[in-house]
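Structure file run-v7.cif (mmCIF, C-alpha atoms) is printed below.
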```
data_start
#
loop_
_atom_site.group_PDB
_atom_site.id
_atom_site.type_symbol
_atom_site.label_atom_id
_atom_site.label_comp_id
_atom_site.auth_asym_id
_atom_site.auth_seq_id
_atom_site.Cartn_x
_atom_site.Cartn_y
_atom_site.Cartn_z
ATOM 1 C CA MET G 1 17.110 -11.257 10.511
ATOM 2 C CA VAL G 2 14.626 -8.580 11.594
ATOM 3 C CA LEU G 3 12.003 -7.941 8.935
ATOM 4 C CA ALA G 4 10.339 -4.561 8.551
ATOM 5 C CA VAL G 5 6.899 -6.156 8.116
ATOM 6 C CA ARG G 6 5.922 -9.754 8.796
ATOM 7 C CA SER G 7 2.464 -11.262 8.942
ATOM 8 C CA TYR G 8 1.194 -14.806 9.095
ATOM 9 C CA GLY G 9 -2.385 -15.953 9.070
ATOM 10 C CA LEU G 10 -3.542 -12.327 9.322
ATOM 11 C CA ASN G 11 -7.295 -11.861 9.028
ATOM 12 C CA VAL G 12 -9.196 -8.584 9.113
ATOM 13 C CA GLY G 13 -12.978 -8.497 9.321
ATOM 14 C CA TYR G 14 -15.962 -6.323 10.143
ATOM 15 C CA GLU G 15 -19.084 -7.024 12.148
ATOM 16 C CA VAL G 16 -22.272 -6.642 10.079
ATOM 17 C CA GLU G 17 -25.888 -7.593 10.688
ATOM 18 C CA GLU G 18 -25.453 -11.098 9.318
ATOM 19 C CA GLY G 19 -22.271 -11.746 11.279
ATOM 20 C CA LEU G 20 -18.524 -11.315 10.884
ATOM 21 C CA LEU G 21 -17.230 -10.724 7.359
ATOM 22 C CA TRP G 22 -13.531 -11.503 6.896
ATOM 23 C CA VAL G 23 -12.273 -9.035 4.274
ATOM 24 C CA ILE G 24 -8.620 -10.155 4.502
ATOM 25 C CA ASP G 25 -8.101 -13.864 4.901
ATOM 26 C CA GLY G 26 -4.890 -15.670 5.857
ATOM 27 C CA LEU G 27 -2.426 -12.997 4.742
ATOM 28 C CA SER G 28 1.206 -14.064 5.085
ATOM 29 C CA MET G 29 3.928 -11.699 3.892
ATOM 30 C CA GLU G 30 7.515 -10.761 4.671
ATOM 31 C CA VAL G 31 9.035 -7.415 3.726
ATOM 32 C CA GLY G 32 12.714 -6.774 4.328
ATOM 33 C CA VAL G 33 14.143 -3.598 5.837
ATOM 34 C CA GLY G 34 14.678 -1.041 3.069
ATOM 35 C CA GLU G 35 12.601 -2.988 0.547
ATOM 36 C CA SER G 36 9.903 -1.553 -1.701
ATOM 37 C CA TYR G 37 6.919 -3.895 -1.765
ATOM 38 C CA CYS G 38 3.776 -3.361 -3.831
ATOM 39 C CA LEU G 39 0.210 -4.469 -3.236
ATOM 40 C CA VAL G 40 -1.554 -4.554 -6.607
ATOM 41 C CA GLY G 41 -5.154 -5.271 -7.523
ATOM 42 C CA GLU G 42 -8.507 -3.835 -8.487
ATOM 43 C CA SER G 43 -10.561 -1.537 -6.276
ATOM 44 C CA GLY G 44 -12.249 -3.476 -3.501
ATOM 45 C CA CYS G 45 -9.716 -6.307 -3.411
ATOM 46 C CA GLY G 46 -8.504 -5.424 0.118
ATOM 47 C CA LYS G 47 -5.270 -3.519 -0.601
ATOM 48 C CA SER G 48 -6.171 -0.493 1.516
ATOM 49 C CA THR G 49 -7.392 -2.675 4.392
ATOM 50 C CA ILE G 50 -3.988 -4.389 4.427
ATOM 51 C CA GLY G 51 -2.288 -0.984 4.344
ATOM 52 C CA ASN G 52 -4.427 0.296 7.217
ATOM 53 C CA ALA G 53 -3.657 -2.839 9.238
ATOM 54 C CA ILE G 54 0.087 -2.282 8.758
ATOM 55 C CA ALA G 55 -0.184 1.426 9.593
ATOM 56 C CA GLY G 56 -2.297 0.817 12.695
ATOM 57 C CA LEU G 57 -5.259 2.705 11.252
ATOM 58 C CA LEU G 58 -7.992 0.081 11.276
ATOM 59 C CA PRO G 59 -11.259 1.447 12.704
ATOM 60 C CA PRO G 60 -12.213 0.380 16.240
ATOM 61 C CA TYR G 61 -15.004 -1.865 14.932
ATOM 62 C CA ALA G 62 -12.566 -3.927 12.828
ATOM 63 C CA VAL G 63 -11.776 -7.428 14.072
ATOM 64 C CA THR G 64 -8.388 -9.067 13.627
ATOM 65 C CA ASP G 65 -6.890 -12.511 13.940
ATOM 66 C CA GLY G 66 -3.414 -13.857 13.261
ATOM 67 C CA VAL G 67 -0.144 -11.953 13.681
ATOM 68 C CA LEU G 68 1.456 -8.788 12.329
ATOM 69 C CA GLU G 69 4.956 -7.673 13.352
ATOM 70 C CA LEU G 70 6.666 -4.334 12.621
ATOM 71 C CA MET G 71 10.451 -4.163 12.985
ATOM 72 C CA GLY G 72 10.287 -7.259 15.173
ATOM 73 C CA VAL G 73 7.569 -5.852 17.457
ATOM 74 C CA ARG G 74 4.241 -7.688 17.550
ATOM 75 C CA ALA G 75 1.576 -5.103 16.682
ATOM 76 C CA ILE G 76 -1.359 -7.462 16.055
ATOM 77 C CA GLU G 77 -1.866 -10.734 17.858
ATOM 78 C CA GLY G 78 -5.289 -12.259 17.565
ATOM 79 C CA ARG G 79 -7.802 -9.571 18.445
ATOM 80 C CA LEU G 80 -5.241 -7.448 20.267
ATOM 81 C CA ARG G 81 -3.766 -4.447 18.443
ATOM 82 C CA ARG G 82 -0.846 -2.627 20.068
ATOM 83 C CA PHE G 83 0.428 0.319 18.005
ATOM 84 C CA ASP G 84 1.441 2.691 20.824
ATOM 85 C CA GLY G 85 5.011 3.708 20.140
ATOM 86 C CA LEU G 86 4.772 2.305 16.600
ATOM 87 C CA ARG G 87 2.193 4.473 14.840
ATOM 88 C CA GLY G 88 3.926 7.641 13.673
ATOM 89 C CA ARG G 89 7.358 6.747 15.025
ATOM 90 C CA VAL G 90 7.887 3.435 13.224
ATOM 91 C CA VAL G 91 5.119 3.315 10.620
ATOM 92 C CA VAL G 92 3.164 6.053 8.848
ATOM 93 C CA ARG G 93 0.687 6.231 5.994
ATOM 94 C CA ILE G 94 0.651 8.639 3.063
ATOM 95 C CA PRO G 95 -3.055 9.151 2.288
ATOM 96 C CA GLN G 96 -4.776 8.704 -1.041
ATOM 97 C CA ASP G 97 -6.406 12.149 -0.884
ATOM 98 C CA PRO G 98 -3.969 14.721 0.545
ATOM 99 C CA ALA G 99 -6.581 17.502 0.482
ATOM 100 C CA ALA G 100 -8.710 15.610 3.009
ATOM 101 C CA SER G 101 -5.729 15.104 5.335
ATOM 102 C CA LEU G 102 -4.524 18.733 5.436
ATOM 103 C CA ASN G 103 -5.996 21.299 7.831
ATOM 104 C CA PRO G 104 -7.393 24.162 5.691
ATOM 105 C CA PHE G 105 -7.039 26.638 8.576
ATOM 106 C CA LEU G 106 -3.299 26.177 9.174
ATOM 107 C CA THR G 107 -0.347 26.971 6.959
ATOM 108 C CA VAL G 108 1.850 24.138 5.738
ATOM 109 C CA GLY G 109 4.599 25.251 8.128
ATOM 110 C CA GLU G 110 2.254 25.286 11.120
ATOM 111 C CA GLN G 111 1.060 21.760 10.320
ATOM 112 C CA LEU G 112 4.610 20.468 9.972
ATOM 113 C CA VAL G 113 5.602 22.049 13.292
ATOM 114 C CA ASP G 114 2.568 20.503 15.013
ATOM 115 C CA VAL G 115 3.600 17.028 13.813
ATOM 116 C CA LEU G 116 7.242 17.593 14.746
ATOM 117 C CA ARG G 117 6.377 18.690 18.276
ATOM 118 C CA ALA G 118 3.897 15.836 18.729
ATOM 119 C CA HIS G 119 6.587 13.263 17.982
ATOM 120 C CA LEU G 120 9.871 14.972 18.850
ATOM 121 C CA GLY G 121 8.873 17.098 21.844
ATOM 122 C CA GLN G 122 9.377 20.816 22.264
ATOM 123 C CA LEU G 123 11.503 22.556 19.650
ATOM 124 C CA THR G 124 12.854 26.072 19.639
ATOM 125 C CA GLU G 125 11.596 28.396 16.901
ATOM 126 C CA ASP G 126 14.933 28.095 15.143
ATOM 127 C CA GLU G 127 14.970 24.287 15.372
ATOM 128 C CA ALA G 128 11.402 24.089 14.072
ATOM 129 C CA ARG G 129 12.163 26.444 11.164
ATOM 130 C CA ARG G 130 15.252 24.467 10.140
ATOM 131 C CA ARG G 131 13.383 21.161 10.343
ATOM 132 C CA VAL G 132 10.484 22.515 8.254
ATOM 133 C CA GLU G 133 12.922 23.788 5.623
ATOM 134 C CA TYR G 134 14.649 20.380 5.586
ATOM 135 C CA LEU G 135 11.363 18.526 5.091
ATOM 136 C CA LEU G 136 10.195 20.821 2.287
ATOM 137 C CA ASN G 137 13.557 20.491 0.581
ATOM 138 C CA LEU G 138 13.305 16.712 0.969
ATOM 139 C CA VAL G 139 10.073 16.634 -1.066
ATOM 140 C CA LYS G 140 11.358 19.189 -3.602
ATOM 141 C CA LEU G 141 9.187 22.121 -2.516
ATOM 142 C CA PRO G 142 10.403 25.725 -2.102
ATOM 143 C CA THR G 143 10.636 27.005 1.472
ATOM 144 C CA GLU G 144 7.957 29.649 0.726
ATOM 145 C CA VAL G 145 5.384 26.852 0.716
ATOM 146 C CA ALA G 146 5.638 26.894 4.534
ATOM 147 C CA GLU G 147 3.619 30.133 4.508
ATOM 148 C CA ALA G 148 0.911 28.802 2.161
ATOM 149 C CA TYR G 149 -2.482 27.354 3.023
ATOM 150 C CA PRO G 150 -3.548 24.055 1.411
ATOM 151 C CA HIS G 151 -6.076 25.707 -0.933
ATOM 152 C CA GLN G 152 -3.246 27.731 -2.456
ATOM 153 C CA LEU G 153 -1.402 24.608 -3.603
ATOM 154 C CA SER G 154 -1.789 22.397 -6.659
ATOM 155 C CA GLY G 155 -2.701 18.717 -6.318
ATOM 156 C CA GLY G 156 0.895 17.626 -6.811
ATOM 157 C CA MET G 157 2.151 20.105 -4.207
ATOM 158 C CA LYS G 158 -0.473 18.937 -1.696
ATOM 159 C CA GLN G 159 0.696 15.358 -2.168
ATOM 160 C CA ARG G 160 4.309 16.428 -1.567
ATOM 161 C CA VAL G 161 3.211 18.214 1.623
ATOM 162 C CA ALA G 162 1.416 15.035 2.740
ATOM 163 C CA ILE G 163 4.648 13.099 2.159
ATOM 164 C CA ALA G 164 6.614 15.695 4.164
ATOM 165 C CA LEU G 165 4.115 15.379 7.047
ATOM 166 C CA ALA G 166 4.472 11.588 6.975
ATOM 167 C CA LEU G 167 8.281 11.837 7.062
ATOM 168 C CA ALA G 168 8.385 14.460 9.846
ATOM 169 C CA PRO G 169 8.718 11.908 12.720
ATOM 170 C CA SER G 170 11.457 9.975 10.822
ATOM 171 C CA PRO G 171 9.541 6.689 10.408
ATOM 172 C CA LYS G 172 11.057 3.420 9.244
ATOM 173 C CA VAL G 173 8.059 2.016 7.339
ATOM 174 C CA VAL G 174 5.908 4.095 4.970
ATOM 175 C CA VAL G 175 2.569 2.866 3.630
ATOM 176 C CA ALA G 176 1.672 4.813 0.467
ATOM 177 C CA ASP G 177 -1.993 4.144 -0.290
ATOM 178 C CA GLU G 178 -2.637 4.955 -3.966
ATOM 179 C CA PRO G 179 -0.715 8.248 -3.539
ATOM 180 C CA THR G 180 -0.971 9.093 -7.252
ATOM 181 C CA SER G 181 -4.612 8.181 -7.965
ATOM 182 C CA ALA G 182 -5.831 11.806 -8.101
ATOM 183 C CA LEU G 183 -2.977 13.025 -10.310
ATOM 184 C CA ASP G 184 -2.441 13.180 -14.058
ATOM 185 C CA ALA G 185 0.015 10.872 -15.835
ATOM 186 C CA TYR G 186 3.017 13.220 -15.565
ATOM 187 C CA LEU G 187 2.471 13.962 -11.868
ATOM 188 C CA LYS G 188 1.895 10.275 -11.127
ATOM 189 C CA PHE G 189 5.396 9.363 -12.204
ATOM 190 C CA SER G 190 6.805 12.525 -10.601
ATOM 191 C CA ILE G 191 5.442 11.462 -7.187
ATOM 192 C CA ALA G 192 6.446 7.841 -7.818
ATOM 193 C CA ARG G 193 9.983 9.015 -8.659
ATOM 194 C CA LEU G 194 10.075 11.093 -5.464
ATOM 195 C CA LEU G 195 9.010 8.128 -3.314
ATOM 196 C CA LYS G 196 11.589 5.921 -4.993
ATOM 197 C CA THR G 197 14.312 8.507 -4.327
ATOM 198 C CA LEU G 198 13.259 9.024 -0.693
ATOM 199 C CA ARG G 199 13.146 5.299 -0.048
ATOM 200 C CA SER G 200 16.724 4.965 -1.222
ATOM 201 C CA ALA G 201 18.051 8.135 0.423
ATOM 202 C CA LEU G 202 16.432 7.566 3.832
ATOM 203 C CA GLY G 203 16.585 3.761 3.958
ATOM 204 C CA LEU G 204 12.809 3.507 4.213
ATOM 205 C CA THR G 205 10.726 0.388 3.829
ATOM 206 C CA LEU G 206 7.965 1.286 1.371
ATOM 207 C CA ILE G 207 4.608 -0.479 1.091
ATOM 208 C CA PHE G 208 3.196 0.929 -2.142
ATOM 209 C CA ILE G 209 -0.493 0.291 -2.876
ATOM 210 C CA THR G 210 -1.695 0.684 -6.449
ATOM 211 C CA HIS G 211 -3.939 -0.771 -9.147
ATOM 212 C CA ASP G 212 -1.406 0.235 -11.822
ATOM 213 C CA ILE G 213 1.241 -2.414 -12.518
ATOM 214 C CA SER G 214 3.224 0.074 -14.627
ATOM 215 C CA LEU G 215 3.745 2.174 -11.483
ATOM 216 C CA ALA G 216 4.589 -0.917 -9.472
ATOM 217 C CA ARG G 217 7.194 -1.824 -12.076
ATOM 218 C CA TYR G 218 8.812 1.578 -11.676
ATOM 219 C CA VAL G 219 8.740 1.794 -7.869
ATOM 220 C CA CYS G 220 8.913 -1.692 -6.400
ATOM 221 C CA ASP G 221 11.299 -4.572 -5.811
ATOM 222 C CA ARG G 222 8.586 -7.162 -5.183
ATOM 223 C CA VAL G 223 4.852 -7.303 -5.732
ATOM 224 C CA ALA G 224 1.927 -9.168 -4.215
ATOM 225 C CA VAL G 225 -1.144 -9.386 -6.435
ATOM 226 C CA ILE G 226 -4.263 -9.232 -4.241
ATOM 227 C CA TYR G 227 -7.686 -10.552 -5.184
ATOM 228 C CA ALA G 228 -10.707 -10.830 -2.876
ATOM 229 C CA GLY G 229 -8.649 -10.483 0.292
ATOM 230 C CA ARG G 230 -5.926 -12.983 -0.606
ATOM 231 C CA VAL G 231 -2.547 -12.989 -2.302
ATOM 232 C CA VAL G 232 -2.870 -14.836 -5.625
ATOM 233 C CA GLU G 233 0.712 -14.325 -6.828
ATOM 234 C CA GLU G 234 3.886 -12.914 -5.287
ATOM 235 C CA ALA G 235 7.275 -12.426 -6.951
ATOM 236 C CA ARG G 236 9.987 -9.969 -7.887
ATOM 237 C CA ILE G 237 8.451 -7.309 -10.087
ATOM 238 C CA GLY G 238 10.471 -8.389 -13.121
ATOM 239 C CA ASP G 239 9.227 -11.962 -12.786
ATOM 240 C CA ILE G 240 5.635 -10.739 -12.582
ATOM 241 C CA VAL G 241 5.914 -8.466 -15.616
ATOM 242 C CA GLU G 242 7.837 -10.940 -17.760
ATOM 243 C CA GLY G 243 6.399 -14.214 -16.500
ATOM 244 C CA ALA G 244 3.050 -13.786 -14.728
ATOM 245 C CA LEU G 245 1.423 -17.142 -14.009
ATOM 246 C CA HIS G 246 -1.931 -16.506 -12.337
ATOM 247 C CA PRO G 247 -4.796 -15.803 -14.782
ATOM 248 C CA TYR G 248 -5.759 -12.692 -12.785
ATOM 249 C CA THR G 249 -2.229 -11.283 -12.919
ATOM 250 C CA LYS G 250 -2.120 -11.856 -16.679
ATOM 251 C CA LEU G 251 -5.406 -10.004 -17.122
ATOM 252 C CA LEU G 252 -4.174 -7.120 -14.959
ATOM 253 C CA LEU G 253 -1.111 -6.813 -17.174
ATOM 254 C CA ARG G 254 -3.228 -6.863 -20.323
ATOM 255 C CA ALA G 255 -5.417 -4.114 -18.864
ATOM 256 C CA VAL G 256 -2.489 -1.671 -18.515
ATOM 257 C CA PRO G 257 -3.066 1.315 -20.871
ATOM 258 C CA ARG G 258 -0.954 1.389 -23.993
ATOM 259 C CA ARG G 259 2.038 3.677 -23.879
ATOM 260 C CA LEU G 260 1.101 7.210 -25.038
ATOM 261 C CA SER G 261 -2.574 6.229 -25.094
ATOM 262 C CA SER G 262 -5.410 5.734 -22.640
ATOM 263 C CA GLU G 263 -6.758 2.819 -24.706
ATOM 264 C CA ARG G 264 -6.854 -0.420 -22.812
ATOM 265 C CA LEU G 265 -5.817 -3.663 -24.432
ATOM 266 C CA ALA G 266 -8.429 -5.743 -22.632
ATOM 267 C CA ASP G 267 -10.922 -5.434 -19.817
ATOM 268 C CA ILE G 268 -11.133 -8.019 -17.069
ATOM 269 C CA PRO G 269 -14.553 -9.687 -17.436
ATOM 270 C CA GLY G 270 -17.055 -9.397 -14.619
ATOM 271 C CA ALA G 271 -16.463 -7.654 -11.298
ATOM 272 C CA PRO G 272 -14.781 -8.575 -8.005
ATOM 273 C CA PRO G 273 -17.044 -10.033 -5.314
ATOM 274 C CA PRO G 274 -18.190 -7.672 -2.536
ATOM 275 C CA PRO G 275 -15.661 -7.501 0.327
ATOM 276 C CA GLY G 276 -16.045 -10.452 2.668
ATOM 277 C CA ARG G 277 -18.646 -12.185 0.478
ATOM 278 C CA TYR G 278 -16.322 -14.442 -1.416
ATOM 279 C CA PRO G 279 -17.105 -17.613 -3.386
ATOM 280 C CA PRO G 280 -15.720 -20.927 -2.087
ATOM 281 C CA GLY G 281 -12.526 -22.317 -3.520
ATOM 282 C CA CYS G 282 -10.487 -20.087 -5.802
ATOM 283 C CA ARG G 283 -12.086 -16.686 -5.446
ATOM 284 C CA PHE G 284 -11.251 -15.712 -9.018
ATOM 285 C CA ARG G 285 -13.047 -18.794 -10.370
ATOM 286 C CA PRO G 286 -16.292 -17.022 -11.462
ATOM 287 C CA ARG G 287 -14.254 -14.669 -13.699
ATOM 288 C CA CYS G 288 -11.446 -16.996 -14.718
ATOM 289 C CA PRO G 289 -11.190 -18.015 -18.393
ATOM 290 C CA ILE G 290 -9.541 -21.367 -17.545
ATOM 291 C CA ALA G 291 -11.454 -22.402 -14.396
ATOM 292 C CA SER G 292 -12.310 -26.077 -13.923
ATOM 293 C CA GLU G 293 -13.966 -28.300 -11.336
ATOM 294 C CA GLU G 294 -10.837 -28.503 -9.173
ATOM 295 C CA CYS G 295 -10.991 -24.711 -8.731
ATOM 296 C CA THR G 296 -13.888 -25.204 -6.307
ATOM 297 C CA LYS G 297 -11.204 -26.137 -3.739
ATOM 298 C CA ASP G 298 -8.907 -23.576 -2.114
ATOM 299 C CA PRO G 299 -5.676 -23.413 -4.159
ATOM 300 C CA GLU G 300 -2.415 -24.166 -2.425
ATOM 301 C CA ALA G 301 0.780 -22.166 -2.870
ATOM 302 C CA ASP G 302 3.101 -23.381 -5.607
ATOM 303 C CA GLU G 303 6.732 -22.255 -5.340
ATOM 304 C CA VAL G 304 7.658 -21.847 -8.996
ATOM 305 C CA GLY G 305 10.946 -20.028 -8.593
ATOM 306 C CA GLU G 306 13.031 -18.090 -6.089
ATOM 307 C CA GLY G 307 10.519 -15.984 -4.172
ATOM 308 C CA HIS G 308 7.801 -16.628 -6.771
ATOM 309 C CA ARG G 309 4.565 -18.088 -5.391
ATOM 310 C CA VAL G 310 1.310 -18.624 -7.237
ATOM 311 C CA TYR G 311 -2.029 -19.761 -5.807
ATOM 312 C CA CYS G 312 -3.718 -21.488 -8.744
ATOM 313 C CA TRP G 313 -4.565 -25.071 -9.683
ATOM 314 C CA ARG G 314 -4.183 -24.439 -13.403
ATOM 315 C CA TRP G 315 -1.293 -22.002 -13.746
ATOM 316 C CA ARG G 316 0.668 -24.495 -15.859
ATOM 317 C CA LEU G 317 -1.835 -23.932 -18.678
ATOM 318 C CA ARG G 318 0.023 -21.185 -20.489
#
```
So that I can check it, write out the structure of this file as structure tokens.
Amino acid sequence: MVLAVRSYGLNVGYEVEEGLLWVIDGLSMEVGVGESYCLVGESGCGKSTIGNAIAGLLPPYAVTDGVLELMGVRAIEGRLRRFDGLRGRVVVRIPQDPAASLNPFLTVGEQLVDVLRAHLGQLTEDEARRRVEYLLNLVKLPTEVAEAYPHQLSGGMKQRVAIALALAPSPKVVVADEPTSALDAYLKFSIARLLKTLRSALGLTLIFITHDISLARYVCDRVAVIYAGRVVEEARIGDIVEGALHPYTKLLLRAVPRRLSSERLADIPGAPPPPGRYPPGCRFRPRCPIASEECTKDPEADEVGEGHRVYCWRWRLR
């Protein structure tokens, strides 16, 4: 079976004065065609770096190791990265800040036409107009938005335009990097609902990056909880929400705001380690309420159910 995204032993690092810092370490994941897969964790845990690796948007000074495949095509192999013919056509990214990704000097329609022609070749005026109207309709925007400049749009409308731009070349895999982080609660779920609908209607594979498990629960089929550059727990979203096993996952769930309130039930003690400067053994150990001496060793994966993996020595302590 061809998987939409497959990685094994994937490492991503950056050269700094003191040497090479591996920010992502030994990432192995499999995402099926048409699946919605979430990467969840705090800021600085490596979610966006994973998303950029999948989308082919790592900076030139990044260093890779291991393997990443997209739709059966090897895009990363060791230090080689080959995204020609994949970036844009097979995989795209929806940015976190749509305002920064839109050209303030071009109308929405002009930007959509530029993307269409870059990926689909020359289009007649009539073909371009029909395609722009189709894309705006797809993201639930009126056709008049084609004549607007980005500064004339609300935050939610800008995000919908960014989604339309991402979908213009008809990709198969969409990486949505915290696409709702700059929006209020109502608009967050409005954009999440749109992405969920588009994924189903277009048969997309969606990699959804968020720190909000409540959004992941709404959007995703499966979730990988990321901490300090590693997966600490992976399962179907229902299994995570109803039966989280890793201490970090449990604390993330307890930190979700109460319904109809911004009050948090509990804060996770301490702070994540700086990217690439991770403690030995279990990386959550310095913050973990149940850590013991054995946690100084790297935890191995425990298969605790169908598709449910947890990396923790002490997960059986409920």
| request: Identify, on the basis of all atoms listed in the file, every residue whose closest approach to G:Met157 does not exceed 12 Å; exclude the query and any residue fewer than 6 positions from it along the same chain; express the result as number ranges by chain. | output: G: 98-99, 102, 108, 136, 139-142, 145-146, 148-151, 163-164, 180, 183, 187, 190-191
| request: Enter the distance from atom CA of G:Phe208 to atom CA of G:Asp84, in Å, rounded to one decimal. | output: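 Atom CA of G:Asp84 lies at a distance of 23.1 Å from atom CA of G:Phe208.
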| Residue members of the PyMOL selection byres ((chain G and resi 300) around 8) in the file shown, as a VMD selection string | chain G and resid 298 to 299 301 to 302 311 to 313
| request: Quick one: everything within 9 Å of G:Leu112, counting all atoms listed in the file, minus sequence neighbours fewer than 5 positions away in the same chain. Send it as an MDAnalysis selection string. | output: chainID G and resid 107 117 128 131:132 135 146 161 164:165 168
| query | Which distance in Å separates atom CA of G:Leu251 and atom CA of G:Asp267, to one decimal? | reply | 7.7 Å
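Reported to one decimal place, the separation of atom CA of G:Leu198 from atom CA of G:Tyr186 is 18.5 Å.
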| said: To test your reading of the syntax: which residues would the PyMOL selection byres ((chain G and resi 44-58) around 7) return for the file shown? Reply as a ChimeraX atom specification. | reply: /G:23-24,39,41-43,59-60,62,83,87,91-93,175,177,209,226-229,275
Axis-aligned box for all listed atoms of stretch 6-19 of chain G, 3 Å per side, centre and edges in Å to one decimal, as JSON:
```
{"center_x": -10.0, "center_y": -11.1, "center_z": 10.5, "size_x": 37.8, "size_y": 15.6, "size_z": 9.4}
```
| message | Would you pick out the contacts of G:Gly26 at 10 Å or less, using only C-alpha atoms, so that residues sharing its chain but fewer than 4 positions from it are not included, and give the list as a list in words? | response |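 After dropping sequence-adjacent residues, the list is Ser7, Tyr8, Gly9, Leu10, Asn11, Val12, Trp22, Asp65, Gly66, Val67, Gly229, Arg230 and Val231 of chain G.
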Could you take the residues named above and write them with C-alpha atoms, as a compact mmCIF listing (two decimals), keeping the file's coordinate frame?
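So part.txt came out as:
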```
# COMPACT_ATOMS: atom_id res chain seq x y z
CA SER G 7 2.46 -11.26 8.94
CA TYR G 8 1.19 -14.81 9.10
CA GLY G 9 -2.38 -15.95 9.07
CA LEU G 10 -3.54 -12.33 9.32
CA ASN G 11 -7.30 -11.86 9.03
CA VAL G 12 -9.20 -8.58 9.11
CA TRP G 22 -13.53 -11.50 6.90
CA ASP G 65 -6.89 -12.51 13.94
CA GLY G 66 -3.41 -13.86 13.26
CA VAL G 67 -0.14 -11.95 13.68
CA GLY G 229 -8.65 -10.48 0.29
CA ARG G 230 -5.93 -12.98 -0.61
CA VAL G 231 -2.55 -12.99 -2.30
```
| query | So which residues fall inside 8 Å of (-4.6, 9.3, 2.0) if we count only C-alpha atoms? Mind giving them as a PyMOL selection string? | reply | chain G and resi 93-98+100-101+176-179
| task | Given the file shown, enumerate the residues that the PyMOL selection byres ((chain G and resi 70) around 8) captures and present them as a PyMOL selection string. | result | chain G and resi 3-6+54+68-69+71-75+86+90
What does the file look like for those residues with C-alpha atoms, as a compact mmCIF listing (two decimals), in the frame of the given file?
```txt
# COMPACT_ATOMS: atom_id res chain seq x y z
CA LEU G 3 12.00 -7.94 8.94
CA ALA G 4 10.34 -4.56 8.55
CA VAL G 5 6.90 -6.16 8.12
CA ARG G 6 5.92 -9.75 8.80
CA ILE G 54 0.09 -2.28 8.76
CA LEU G 68 1.46 -8.79 12.33
CA GLU G 69 4.96 -7.67 13.35
CA MET G 71 10.45 -4.16 12.98
CA GLY G 72 10.29 -7.26 15.17
CA VAL G 73 7.57 -5.85 17.46
CA ARG G 74 4.24 -7.69 17.55
CA ALA G 75 1.58 -5.10 16.68
CA LEU G 86 4.77 2.31 16.60
CA VAL G 90 7.89 3.44 13.22
```
| Out of G:Val225, G:Val16, G:Val33, G:Val115, which residue has the shortest atom-to-atom distance to G:Val174 when counting all atoms listed in the file? |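 Of all the options, G:Val33 lies closest to G:Val174.
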| Pick from G:Val2, G:Lys158, G:Val31, G:Tyr14 nearest to G:Val63, counting all atoms listed in the file | G:Tyr14
| said: Taking all atoms listed in the file into account, name the residue in G:Ser200, G:Lys172, G:Arg130, G:Asp184 that is nearest to G:Ser154. | reply: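 Ranking G:Ser200, G:Lys172, G:Arg130, G:Asp184 by distance to G:Ser154, first place goes to G:Asp184.
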| request: Go ahead and find all residues with at least one atom no further than 12 Å from (-13.8, -16.9, -17.2) in the file's coordinates, using all atoms listed in the file; report them as JSON, numbers by chain. | output: {"G": [247, 248, 251, 268, 269, 270, 271, 283, 284, 285, 286, 287, 288, 289, 290, 291, 292, 295]}
| said: For a quick check of understanding, using only C-alpha atoms, which of G:Leu204, G:Val232, G:Ile213, G:Leu27 has the smallest distance to G:Arg254? | reply: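 Comparing G:Leu204, G:Val232, G:Ile213, G:Leu27 against G:Arg254, the winner is G:Ile213.
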| task | Give the answer as one residue: which of G:Glu303, G:Arg277, G:Cys282, G:His246 has the shortest atom-to-atom distance to G:Glu18, using all atoms listed in the file? | result |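 For G:Glu18, the nearest of the candidates is G:Arg277.
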